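Peer 1: The file below is work_28.pdb, PDB, C-alpha atoms (C1' of nucleotides):
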```pdb
ATOM      1  CA  MET A   1      34.816 -24.912  39.101
ATOM      2  CA  LYS A   2      37.855 -27.122  39.196
ATOM      3  CA  TYR A   3      37.485 -30.547  40.769
ATOM      4  CA  SER A   4      38.600 -31.119  44.321
ATOM      5  CA  LYS A   5      38.187 -34.108  46.578
ATOM      6  CA  GLN A   6      37.151 -31.899  49.488
ATOM      7  CA  ARG A   7      34.451 -30.154  47.484
ATOM      8  CA  GLU A   8      33.018 -33.478  46.392
ATOM      9  CA  LEU A   9      32.953 -34.679  49.991
ATOM     10  CA  VAL A  10      31.227 -31.510  51.171
ATOM     11  CA  LEU A  11      28.594 -31.696  48.452
ATOM     12  CA  ASN A  12      27.911 -35.365  49.115
ATOM     13  CA  THR A  13      27.559 -34.726  52.826
ATOM     14  CA  VAL A  14      24.870 -32.126  52.200
ATOM     15  CA  ILE A  15      23.076 -34.396  49.736
ATOM     16  CA  GLU A  16      23.223 -37.469  51.940
ATOM     17  CA  ASN A  17      22.170 -35.690  55.135
ATOM     18  CA  PRO A  18      18.823 -34.075  54.538
ATOM     19  CA  VAL A  19      18.870 -32.530  58.016
ATOM     20  CA  HIS A  20      19.854 -29.126  56.591
ATOM     21  CA  PRO A  21      23.354 -29.428  58.040
ATOM     22  CA  THR A  22      25.418 -26.569  59.415
ATOM     23  CA  ALA A  23      29.054 -26.053  58.398
ATOM     24  CA  ASP A  24      30.105 -27.561  61.669
ATOM     25  CA  PHE A  25      27.946 -30.646  61.084
ATOM     26  CA  VAL A  26      29.585 -31.173  57.705
ATOM     27  CA  TYR A  27      33.019 -30.648  59.213
ATOM     28  CA  SER A  28      32.478 -33.071  62.098
ATOM     29  CA  HIS A  29      30.870 -35.586  59.797
ATOM     30  CA  LEU A  30      33.824 -35.565  57.397
ATOM     31  CA  ARG A  31      36.498 -35.334  60.059
ATOM     32  CA  SER A  32      36.269 -38.988  61.067
ATOM     33  CA  ALA A  33      37.182 -40.318  57.630
ATOM     34  CA  ASN A  34      39.260 -37.269  56.606
ATOM     35  CA  PRO A  35      41.187 -36.070  59.640
ATOM     36  CA  ASN A  36      43.012 -33.386  57.701
ATOM     37  CA  ILE A  37      40.063 -31.529  56.261
ATOM     38  CA  SER A  38      39.826 -28.035  57.665
ATOM     39  CA  LEU A  39      36.820 -26.031  58.742
ATOM     40  CA  GLY A  40      37.894 -23.175  56.483
ATOM     41  CA  THR A  41      37.759 -25.469  53.485
ATOM     42  CA  VAL A  42      34.290 -26.648  54.465
ATOM     43  CA  TYR A  43      33.062 -23.065  54.701
ATOM     44  CA  ARG A  44      34.712 -22.087  51.417
ATOM     45  CA  ASN A  45      33.161 -25.031  49.613
ATOM     46  CA  LEU A  46      29.692 -24.648  51.070
ATOM     47  CA  ASN A  47      29.667 -21.013  49.995
ATOM     48  CA  LEU A  48      31.094 -21.811  46.588
ATOM     49  CA  LEU A  49      28.546 -24.574  45.981
ATOM     50  CA  ALA A  50      25.768 -22.224  47.063
ATOM     51  CA  ASP A  51      27.078 -19.447  44.789
ATOM     52  CA  HIS A  52      26.979 -21.893  41.902
ATOM     53  CA  GLY A  53      23.441 -22.945  42.756
ATOM     54  CA  LEU A  54      24.226 -26.567  43.546
ATOM     55  CA  ILE A  55      22.983 -26.196  47.105
ATOM     56  CA  HIS A  56      21.068 -23.556  48.996
ATOM     57  CA  LYS A  57      22.191 -21.543  52.016
ATOM     58  CA  ILE A  58      19.580 -20.959  54.707
ATOM     59  CA  ALA A  59      20.181 -18.052  57.072
ATOM     60  CA  ILE A  60      18.754 -18.866  60.489
ATOM     61  CA  PRO A  61      17.944 -16.008  62.869
ATOM     62  CA  ASN A  62      20.147 -16.344  65.941
ATOM     63  CA  GLY A  63      21.744 -19.499  64.681
ATOM     64  CA  SER A  64      24.317 -20.932  62.338
ATOM     65  CA  ASP A  65      23.704 -20.972  58.629
ATOM     66  CA  ARG A  66      22.367 -24.242  57.289
ATOM     67  CA  PHE A  67      22.657 -25.803  53.866
ATOM     68  CA  ASP A  68      20.038 -27.569  51.786
ATOM     69  CA  PHE A  69      20.506 -29.874  48.827
ATOM     70  CA  ARG A  70      17.042 -28.851  47.610
ATOM     71  CA  THR A  71      17.250 -25.741  45.478
ATOM     72  CA  ASP A  72      13.610 -25.448  44.472
ATOM     73  CA  GLU A  73      11.434 -22.874  46.213
ATOM     74  CA  HIS A  74      10.262 -23.991  49.620
ATOM     75  CA  TYR A  75      10.444 -22.805  53.208
ATOM     76  CA  HIS A  76      11.719 -23.978  56.568
ATOM     77  CA  MET A  77      10.200 -24.489  59.956
ATOM     78  CA  ILE A  78      12.452 -24.892  62.982
ATOM     79  CA  CYS A  79      11.169 -26.665  66.051
ATOM     80  CA  ASP A  80      11.926 -24.579  69.149
ATOM     81  CA  CYS A  81      11.930 -27.748  71.202
ATOM     82  CA  CYS A  82      14.047 -30.285  69.297
ATOM     83  CA  GLY A  83      15.796 -27.957  66.874
ATOM     84  CA  GLU A  84      14.947 -30.042  63.845
ATOM     85  CA  VAL A  85      14.392 -28.217  60.538
ATOM     86  CA  PHE A  86      11.408 -29.190  58.388
ATOM     87  CA  ASP A  87      10.547 -28.362  54.790
ATOM     88  CA  VAL A  88       7.293 -26.517  54.211
ATOM     89  CA  GLU A  89       5.609 -25.961  50.859
ATOM     90  CA  LEU A  90       3.688 -22.703  50.667
ATOM     91  CA  ASP A  91       1.895 -22.196  47.404
ATOM     92  CA  SER A  92       0.336 -19.023  48.754
ATOM     93  CA  LEU A  93       3.719 -17.284  48.631
ATOM     94  CA  LYS A  94       4.270 -17.883  44.920
ATOM     95  CA  GLU A  95       3.006 -14.401  44.220
ATOM     96  CA  LEU A  96       4.649 -12.731  47.186
ATOM     97  CA  ASP A  97       7.482 -10.996  45.348
ATOM     98  CA  SER A  98       5.270  -9.542  42.649
ATOM     99  CA  GLU A  99       2.740  -8.461  45.257
ATOM    100  CA  ILE A 100       5.442  -6.566  47.135
ATOM    101  CA  GLU A 101       6.712  -5.008  43.925
ATOM    102  CA  LYS A 102       3.219  -3.816  43.060
ATOM    103  CA  SER A 103       2.484  -2.313  46.452
ATOM    104  CA  THR A 104       5.890  -0.736  47.155
ATOM    105  CA  GLY A 105       7.567  -0.172  43.806
ATOM    106  CA  PHE A 106      10.715  -1.943  44.998
ATOM    107  CA  VAL A 107      12.555  -4.460  42.872
ATOM    108  CA  VAL A 108      12.444  -7.694  44.871
ATOM    109  CA  ARG A 109      15.406 -10.001  44.430
ATOM    110  CA  HIS A 110      14.894 -12.468  47.194
ATOM    111  CA  HIS A 111      12.997 -13.195  50.360
ATOM    112  CA  ASP A 112      13.848 -15.240  53.429
ATOM    113  CA  LEU A 113      11.140 -16.802  55.534
ATOM    114  CA  ILE A 114      11.790 -18.864  58.646
ATOM    115  CA  ILE A 115       8.994 -20.261  60.770
ATOM    116  CA  ASN A 116       9.439 -21.109  64.442
ATOM    117  CA  GLY A 117       7.167 -23.343  66.442
ATOM    118  CA  LEU A 118       6.682 -26.878  67.660
ATOM    119  CA  CYS A 119       6.817 -29.941  65.457
ATOM    120  CA  ASN A 120       4.371 -32.808  65.576
ATOM    121  CA  LYS A 121       6.553 -34.822  67.939
ATOM    122  CA  CYS A 122       7.171 -31.972  70.370
ATOM    123  CA  LYS A 123       3.811 -30.258  70.495
ATOM    124  CA  HIS A 124       2.339 -32.848  72.846
ATOM    125  CA  LYS A 125       5.048 -32.525  75.492
TER     126      LYS A 125
ATOM    127  CA  MET B   1      11.465  -3.693  85.169
ATOM    128  CA  LYS B   2      13.169  -1.194  87.451
ATOM    129  CA  TYR B   3      13.865   2.264  86.101
ATOM    130  CA  SER B   4      17.274   3.133  84.775
ATOM    131  CA  LYS B   5      18.524   6.191  82.982
ATOM    132  CA  GLN B   6      20.352   4.079  80.425
ATOM    133  CA  ARG B   7      17.302   2.004  79.606
ATOM    134  CA  GLU B   8      15.259   5.134  79.076
ATOM    135  CA  LEU B   9      17.921   6.532  76.748
ATOM    136  CA  VAL B  10      18.073   3.304  74.754
ATOM    137  CA  LEU B  11      14.300   3.137  74.381
ATOM    138  CA  ASN B  12      14.072   6.764  73.329
ATOM    139  CA  THR B  13      16.806   6.315  70.769
ATOM    140  CA  VAL B  14      14.906   3.479  69.125
ATOM    141  CA  ILE B  15      11.675   5.470  69.175
ATOM    142  CA  GLU B  16      13.214   8.667  67.841
ATOM    143  CA  ASN B  17      15.229   6.994  65.078
ATOM    144  CA  PRO B  18      12.847   5.089  62.855
ATOM    145  CA  VAL B  19      15.736   3.728  60.801
ATOM    146  CA  HIS B  20      15.499   0.359  62.550
ATOM    147  CA  PRO B  21      18.771   0.980  64.382
ATOM    148  CA  THR B  22      21.382  -1.641  65.233
ATOM    149  CA  ALA B  23      22.864  -1.936  68.722
ATOM    150  CA  ASP B  24      25.935  -0.167  67.448
ATOM    151  CA  PHE B  25      23.875   2.701  66.055
ATOM    152  CA  VAL B  26      22.204   3.182  69.427
ATOM    153  CA  TYR B  27      25.557   3.007  71.183
ATOM    154  CA  SER B  28      27.253   5.529  68.901
ATOM    155  CA  HIS B  29      24.239   7.788  69.016
ATOM    156  CA  LEU B  30      24.184   7.869  72.811
ATOM    157  CA  ARG B  31      27.922   7.987  73.255
ATOM    158  CA  SER B  32      28.241  11.657  72.355
ATOM    159  CA  ALA B  33      26.003  12.860  75.174
ATOM    160  CA  ASN B  34      26.728   9.939  77.517
ATOM    161  CA  PRO B  35      30.413   9.076  77.175
ATOM    162  CA  ASN B  36      30.269   6.429  79.888
ATOM    163  CA  ILE B  37      27.495   4.274  78.520
ATOM    164  CA  SER B  38      28.738   0.849  77.536
ATOM    165  CA  LEU B  39      27.932  -1.331  74.573
ATOM    166  CA  GLY B  40      27.089  -4.215  76.900
ATOM    167  CA  THR B  41      24.436  -2.101  78.588
ATOM    168  CA  VAL B  42      22.981  -1.119  75.239
ATOM    169  CA  TYR B  43      22.716  -4.789  74.232
ATOM    170  CA  ARG B  44      21.260  -5.804  77.575
ATOM    171  CA  ASN B  45      18.631  -3.096  77.412
ATOM    172  CA  LEU B  46      17.672  -3.654  73.802
ATOM    173  CA  ASN B  47      17.141  -7.334  74.533
ATOM    174  CA  LEU B  48      15.273  -6.623  77.746
ATOM    175  CA  LEU B  49      12.988  -4.102  76.057
ATOM    176  CA  ALA B  50      12.328  -6.585  73.268
ATOM    177  CA  ASP B  51      11.598  -9.375  75.768
ATOM    178  CA  HIS B  52       9.074  -7.115  77.440
ATOM    179  CA  GLY B  53       7.438  -6.288  74.129
ATOM    180  CA  LEU B  54       8.242  -2.566  74.152
ATOM    181  CA  ILE B  55      10.277  -2.838  70.963
ATOM    182  CA  HIS B  56      10.812  -5.511  68.368
ATOM    183  CA  LYS B  57      14.034  -7.279  67.419
ATOM    184  CA  ILE B  58      14.577  -7.906  63.730
ATOM    185  CA  ALA B  59      17.063 -10.638  62.823
ATOM    186  CA  ILE B  60      18.786  -9.763  59.572
ATOM    187  CA  PRO B  61      20.400 -12.588  57.563
ATOM    188  CA  ASN B  62      24.143 -11.905  57.341
ATOM    189  CA  GLY B  63      23.861  -8.684  59.279
ATOM    190  CA  SER B  64      23.485  -7.164  62.699
ATOM    191  CA  ASP B  65      20.196  -7.371  64.510
ATOM    192  CA  ARG B  66      18.036  -4.287  64.227
ATOM    193  CA  PHE B  67      15.382  -2.899  66.542
ATOM    194  CA  ASP B  68      11.998  -1.439  65.727
ATOM    195  CA  PHE B  69       9.770   0.731  67.886
ATOM    196  CA  ARG B  70       6.791  -0.619  65.940
ATOM    197  CA  THR B  71       5.512  -3.805  67.502
ATOM    198  CA  ASP B  72       2.486  -4.379  65.293
ATOM    199  CA  GLU B  73       2.734  -7.034  62.580
ATOM    200  CA  HIS B  74       4.587  -5.832  59.521
ATOM    201  CA  TYR B  75       7.600  -6.836  57.475
ATOM    202  CA  HIS B  76      10.924  -5.412  56.344
ATOM    203  CA  MET B  77      12.605  -4.872  53.053
ATOM    204  CA  ILE B  78      16.335  -4.157  52.929
ATOM    205  CA  CYS B  79      17.791  -2.362  49.950
ATOM    206  CA  ASP B  80      20.843  -4.236  48.702
ATOM    207  CA  CYS B  81      22.188  -0.980  47.324
ATOM    208  CA  CYS B  82      21.790   1.638  50.082
ATOM    209  CA  GLY B  83      21.165  -0.661  53.048
ATOM    210  CA  GLU B  84      18.094   1.218  54.194
ATOM    211  CA  VAL B  85      15.312  -0.799  55.844
ATOM    212  CA  PHE B  86      11.712  -0.159  54.821
ATOM    213  CA  ASP B  87       8.440  -1.201  56.397
ATOM    214  CA  VAL B  88       6.139  -3.331  54.271
ATOM    215  CA  GLU B  89       2.531  -4.159  55.051
ATOM    216  CA  LEU B  90       1.449  -7.542  53.742
ATOM    217  CA  ASP B  91      -2.170  -8.358  54.372
ATOM    218  CA  SER B  92      -1.813 -11.570  52.424
ATOM    219  CA  LEU B  93       0.328 -13.028  55.211
ATOM    220  CA  LYS B  94      -2.295 -12.535  57.918
ATOM    221  CA  GLU B  95      -3.372 -16.139  57.469
ATOM    222  CA  LEU B  96       0.093 -17.556  57.006
ATOM    223  CA  ASP B  97       0.529 -19.099  60.439
ATOM    224  CA  SER B  98      -2.833 -20.820  60.434
ATOM    225  CA  GLU B  99      -2.265 -22.017  56.876
ATOM    226  CA  ILE B 100       1.026 -23.598  57.937
ATOM    227  CA  GLU B 101      -0.593 -25.172  60.983
ATOM    228  CA  LYS B 102      -3.315 -26.678  58.825
ATOM    229  CA  SER B 103      -0.991 -28.138  56.223
ATOM    230  CA  THR B 104       1.775 -29.383  58.537
ATOM    231  CA  GLY B 105       0.240 -29.922  61.948
ATOM    232  CA  PHE B 106       2.977 -27.843  63.605
ATOM    233  CA  VAL B 107       2.211 -25.254  66.237
ATOM    234  CA  VAL B 108       3.465 -21.988  64.763
ATOM    235  CA  ARG B 109       4.761 -19.468  67.278
ATOM    236  CA  HIS B 110       6.401 -16.959  65.060
ATOM    237  CA  HIS B 111       7.680 -16.279  61.590
ATOM    238  CA  ASP B 112      10.452 -14.045  60.270
ATOM    239  CA  LEU B 113      10.336 -12.621  56.774
ATOM    240  CA  ILE B 114      13.016 -10.400  55.296
ATOM    241  CA  ILE B 115      12.846  -9.128  51.741
ATOM    242  CA  ASN B 116      15.925  -8.097  49.781
ATOM    243  CA  GLY B 117      15.926  -5.963  46.676
ATOM    244  CA  LEU B 118      16.278  -2.415  45.419
ATOM    245  CA  CYS B 119      14.371   0.541  46.799
ATOM    246  CA  ASN B 120      12.718   3.202  44.702
ATOM    247  CA  LYS B 121      15.758   5.487  44.888
ATOM    248  CA  CYS B 122      18.280   2.802  43.967
ATOM    249  CA  LYS B 123      16.436   0.836  41.313
ATOM    250  CA  HIS B 124      17.150   3.413  38.609
ATOM    251  CA  LYS B 125      20.926   3.412  39.098
TER     252      LYS B 125
ATOM    253  C1'  DC C   1      53.083 -24.132  34.226
ATOM    254  C1'  DT C   2      49.604 -21.674  36.270
ATOM    255  C1'  DA C   3      45.521 -20.967  38.426
ATOM    256  C1'  DC C   4      42.967 -22.633  41.837
ATOM    257  C1'  DC C   5      42.639 -25.199  46.157
ATOM    258  C1'  DT C   6      44.063 -26.736  50.745
ATOM    259  C1'  DG C   7      45.393 -26.725  55.887
ATOM    260  C1'  DC C   8      46.487 -23.970  59.491
ATOM    261  C1'  DA C   9      45.998 -20.335  62.420
ATOM    262  C1'  DA C  10      44.864 -15.796  63.144
ATOM    263  C1'  DA C  11      41.475 -12.198  62.605
ATOM    264  C1'  DA C  12      37.076 -10.393  62.247
ATOM    265  C1'  DG C  13      32.508  -9.248  63.369
ATOM    266  C1'  DG C  14      28.584  -9.326  66.460
ATOM    267  C1'  DT C  15      26.872 -10.484  70.867
ATOM    268  C1'  DT C  16      27.066 -12.216  75.579
ATOM    269  C1'  DT C  17      28.932 -12.629  80.209
ATOM    270  C1'  DG C  18      31.690 -12.317  84.788
ATOM    271  C1'  DC C  19      32.861  -9.256  88.076
ATOM    272  C1'  DA C  20      33.063  -5.481  91.198
ATOM    273  C1'  DT C  21      30.734  -1.183  91.839
ATOM    274  C1'  DA C  22      26.759   1.941  91.654
ATOM    275  C1'  DG C  23      21.790   3.090  91.747
ATOM    276  C1'  DC C  24      16.737   2.407  92.301
ATOM    277  C1'  DC C  25      12.934   1.563  95.548
TER     278       DC C  25
ATOM    279  C1'  DG D   1      19.316  -3.171 102.492
ATOM    280  C1'  DG D   2      18.558  -5.879  98.826
ATOM    281  C1'  DC D   3      18.022  -6.640  94.264
ATOM    282  C1'  DT D   4      18.882  -5.053  89.854
ATOM    283  C1'  DA D   5      21.695  -2.409  86.579
ATOM    284  C1'  DT D   6      26.073  -0.592  85.065
ATOM    285  C1'  DG D   7      30.932  -0.188  83.018
ATOM    286  C1'  DC D   8      34.642  -2.556  81.604
ATOM    287  C1'  DA D   9      36.928  -6.161  79.561
ATOM    288  C1'  DA D  10      37.265 -10.689  78.403
ATOM    289  C1'  DA D  11      35.039 -14.559  76.347
ATOM    290  C1'  DC D  12      32.222 -16.569  72.828
ATOM    291  C1'  DC D  13      30.557 -18.267  68.365
ATOM    292  C1'  DT D  14      30.395 -18.312  63.771
ATOM    293  C1'  DT D  15      32.516 -17.127  59.669
ATOM    294  C1'  DT D  16      36.209 -15.162  56.880
ATOM    295  C1'  DT D  17      40.938 -14.447  55.484
ATOM    296  C1'  DG D  18      46.245 -14.394  54.771
ATOM    297  C1'  DC D  19      49.738 -17.263  53.797
ATOM    298  C1'  DA D  20      52.777 -20.914  52.174
ATOM    299  C1'  DG D  21      52.592 -25.222  50.108
ATOM    300  C1'  DG D  22      49.887 -28.678  47.145
ATOM    301  C1'  DT D  23      46.983 -30.230  43.120
ATOM    302  C1'  DA D  24      44.110 -30.282  38.856
ATOM    303  C1'  DG D  25      44.129 -29.470  33.972
TER     304       DG D  25
END
```
Starting from the file, lay out its structure as structure tokens.
Peer 2:
Amino acid sequence: MKYSKQRELVLNTVIENPVHPTADFVYSHLRSANPNISLGTVYRNLNLLADHGLIHKIAIPNGSDRFDFRTDEHYHMICDCCGEVFDVELDSLKELDSEIEKSTGFVVRHHDLIINGLCNKCKHK
Amino acid sequence: MKYSKQRELVLNTVIENPVHPTADFVYSHLRSANPNISLGTVYRNLNLLADHGLIHKIAIPNGSDRFDFRTDEHYHMICDCCGEVFDVELDSLKELDSEIEKSTGFVVRHHDLIINGLCNKCKHK
DNA sequence: CTACCTGCAAAAGGTTTGCATAGCC
DNA sequence: GGCTATGCAAACCTTTTGCAGGTAG
């Protein structure tokens, strides 16, 4: 991957904003200091960085994709009230892929798990 | 929910086609015998039927939503090769929601799990 | 120099919605 | 008769892509 200023900015934005930003968040965030950056470039770089394993792309049901600077295995919980995305560690899923392979015979490459509910701040409202 | 011919057709299509059809599948399928049915009506009815719990909506990362006549708890595996969607029973996830609630304090309403890989037909290619 | 990258704007899905008309109860 | 549903088409949102010019190595 050749160096580019825009790619560096995109990567740093994801790293410095652990809110699991969307492409549009990254774009808006960068726009103020870099009025010429384009949304297409942001998308291209987020996807390229994810393809190279430097960040992780999180597909959200009925919502925009989000990006995560953490690339180790963990899961995400989205609060239906405030929209915030939280990291969740689930040791019990370590064996999930091999369990599925054993019971179905499929070759598992990947699984996506998204949890919806209410976070600690919102559950008392 | 008031009766409508179109809603009945949409529901029957989902029930009679256990391929986890997309809205477009349902639309194309019905179009031949009902040339006037509209895609908007198909979407409205699929969503309405799902809201009323008669069918289940499956959000597919990077793909169209699919609909399932089965409403009991089970999961889905999508073959990256042929695109077919398979049902997977995972008893080990029965306790997932309560496990998450215990470790995080969140109120869990729902979780979505999609597995990607290769089915038994495709894995030998 | 050349391959890769950018900005811009248009296109491409997939899904929802506004409106006037039609149908259920 | 009134409320809900329909067909049609336009709008919407997010993401991708074609192109002509710019930049890293």
Peer 1: Please, what distance in Å, to one decimal, runs between CA of Lys94 in chain A and CA of His111 in chain A?
Peer 2: 11.3 Å
Peer 1: Just so the selection is clear, what residues does the PyMOL selection byres ((chain C and resi 3) around 10) cover here, as a count of residues only?
Peer 2: 7
Peer 1: Can you list every residue of chain D that has an atom at most 9 Å from chain B, with its nearest atom pair and the distance in Å to one decimal, using only C-alpha atoms (C1' of nucleotides), ordered by chain then number, as JSON lines?
Peer 2:
```
{"residue": "D:DT4", "atom": "C1'", "partner": "B:Lys2", "partner_atom": "CA", "distance": 7.3}
{"residue": "D:DA5", "atom": "C1'", "partner": "B:Ser4", "partner_atom": "CA", "distance": 7.3}
{"residue": "D:DT6", "atom": "C1'", "partner": "B:Thr41", "partner_atom": "CA", "distance": 6.8}
{"residue": "D:DG7", "atom": "C1'", "partner": "B:Ser38", "partner_atom": "CA", "distance": 6.0}
{"residue": "D:DC8", "atom": "C1'", "partner": "B:Ser38", "partner_atom": "CA", "distance": 7.9}
```
Peer 1: Between chain A and chain B, at 6 Å or less, what are the per-residue closest atom pairs and their distances in Å? Count only C-alpha atoms, order by chain and rising residue number, and return it as a Markdown table.
Peer 2:
```
| residue | atom | partner | partner_atom | distance |
| --- | --- | --- | --- | --- |
| A:Ala59 | CA | B:Pro61 | CA | 5.5 |
| A:Pro61 | CA | B:Ala59 | CA | 5.4 |
| A:Phe106 | CA | B:Cys119 | CA | 4.8 |
| A:Val107 | CA | B:Leu118 | CA | 5.0 |
| A:Val108 | CA | B:Gly117 | CA | 4.3 |
| A:Arg109 | CA | B:Gly117 | CA | 4.6 |
| A:His110 | CA | B:Asn116 | CA | 5.2 |
| A:His111 | CA | B:Ile115 | CA | 4.3 |
| A:Asp112 | CA | B:Ile114 | CA | 5.3 |
| A:Leu113 | CA | B:Leu113 | CA | 4.4 |
| A:Ile114 | CA | B:Asp112 | CA | 5.3 |
| A:Ile115 | CA | B:His111 | CA | 4.3 |
| A:Asn116 | CA | B:His110 | CA | 5.2 |
| A:Gly117 | CA | B:Val108 | CA | 4.3 |
| A:Leu118 | CA | B:Val107 | CA | 5.0 |
| A:Cys119 | CA | B:Phe106 | CA | 4.8 |
| A:Asn120 | CA | B:Phe106 | CA | 5.5 |
```
Peer 1: Can you tell me which residues surround DA11 in chain D at a distance of at most 12 Å, considering only C-alpha atoms (C1' of nucleotides), apart from same-chain residues fewer than 3 positions away, and format the answer as a short mmCIF file (atom, residue, chain, number, x, y, z; two decimals) with C-alpha atoms (C1' of nucleotides), in the coordinates of the input?
Peer 2:
```
data_model
loop_
_atom_site.label_atom_id
_atom_site.label_comp_id
_atom_site.auth_asym_id
_atom_site.auth_seq_id
_atom_site.Cartn_x
_atom_site.Cartn_y
_atom_site.Cartn_z
"C1'" DT C 15 26.87 -10.48 70.87
"C1'" DT C 16 27.07 -12.22 75.58
"C1'" DT C 17 28.93 -12.63 80.21
"C1'" DG C 18 31.69 -12.32 84.79
#
```
Peer 1: In Å, how far is it from CA of Thr13 in chain B to CA of Val26 in chain B?
Peer 2: 6.4 Å
Peer 1: Write out as an mmCIF file with C-alpha atoms, in the coordinates of the input the residues lying within 8 Å of His20 in chain A, counting all atoms listed in the file and excluding same-chain residues fewer than 6 positions away.
Peer 2:
```
data_model
loop_
_atom_site.group_PDB
_atom_site.id
_atom_site.type_symbol
_atom_site.label_atom_id
_atom_site.label_comp_id
_atom_site.auth_asym_id
_atom_site.auth_seq_id
_atom_site.Cartn_x
_atom_site.Cartn_y
_atom_site.Cartn_z
ATOM 1 C CA VAL A 14 24.870 -32.126 52.200
ATOM 2 C CA ARG A 66 22.367 -24.242 57.289
ATOM 3 C CA PHE A 67 22.657 -25.803 53.866
ATOM 4 C CA ASP A 68 20.038 -27.569 51.786
ATOM 5 C CA PHE A 69 20.506 -29.874 48.827
ATOM 6 C CA VAL A 85 14.392 -28.217 60.538
#
```
Peer 1: Just how far from CA of Leu11 in chain B is CA of Ile55 in chain B, in Å to one decimal?
Peer 2: 8.0 Å
Peer 1: Which residues, named as in the file, does the PyMOL selection byres ((chain D and resi 19) around 12) pick out? Answer as a PyMOL selection string.
Peer 2: (chain C and resi 6-10) or (chain D and resi 17-18+20-21)
Peer 1: Would you write out those residues with C-alpha atoms (C1' of nucleotides), as a JSON list (two decimals), in the frame of the given file?
Peer 2:
```
[["chain", "number", "residue", "atom", "x", "y", "z"],
["C", 6, "DT", "C1'", 44.06, -26.74, 50.74],
["C", 7, "DG", "C1'", 45.39, -26.72, 55.89],
["C", 8, "DC", "C1'", 46.49, -23.97, 59.49],
["C", 9, "DA", "C1'", 46.00, -20.34, 62.42],
["C", 10, "DA", "C1'", 44.86, -15.80, 63.14],
["D", 17, "DT", "C1'", 40.94, -14.45, 55.48],
["D", 18, "DG", "C1'", 46.24, -14.39, 54.77],
["D", 20, "DA", "C1'", 52.78, -20.91, 52.17],
["D", 21, "DG", "C1'", 52.59, -25.22, 50.11]]
```
Peer 1: May I ask which of the residues B:Asn17, B:Ser28, B:Asn34, B:Thr22 is the closest one to chain C, counting all atoms listed in the file?
Peer 2: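 Ranking B:Asn17, B:Ser28, B:Asn34, B:Thr22 by distance to chain C, first place goes to B:Thr22.
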Peer 1: Which residues, named as in the file, does the PyMOL selection byres ((chain D and resi 15) around 8) pick out? Answer as a VMD selection string.
Peer 2: (chain A and resid 43) or (chain D and resid 14 16)
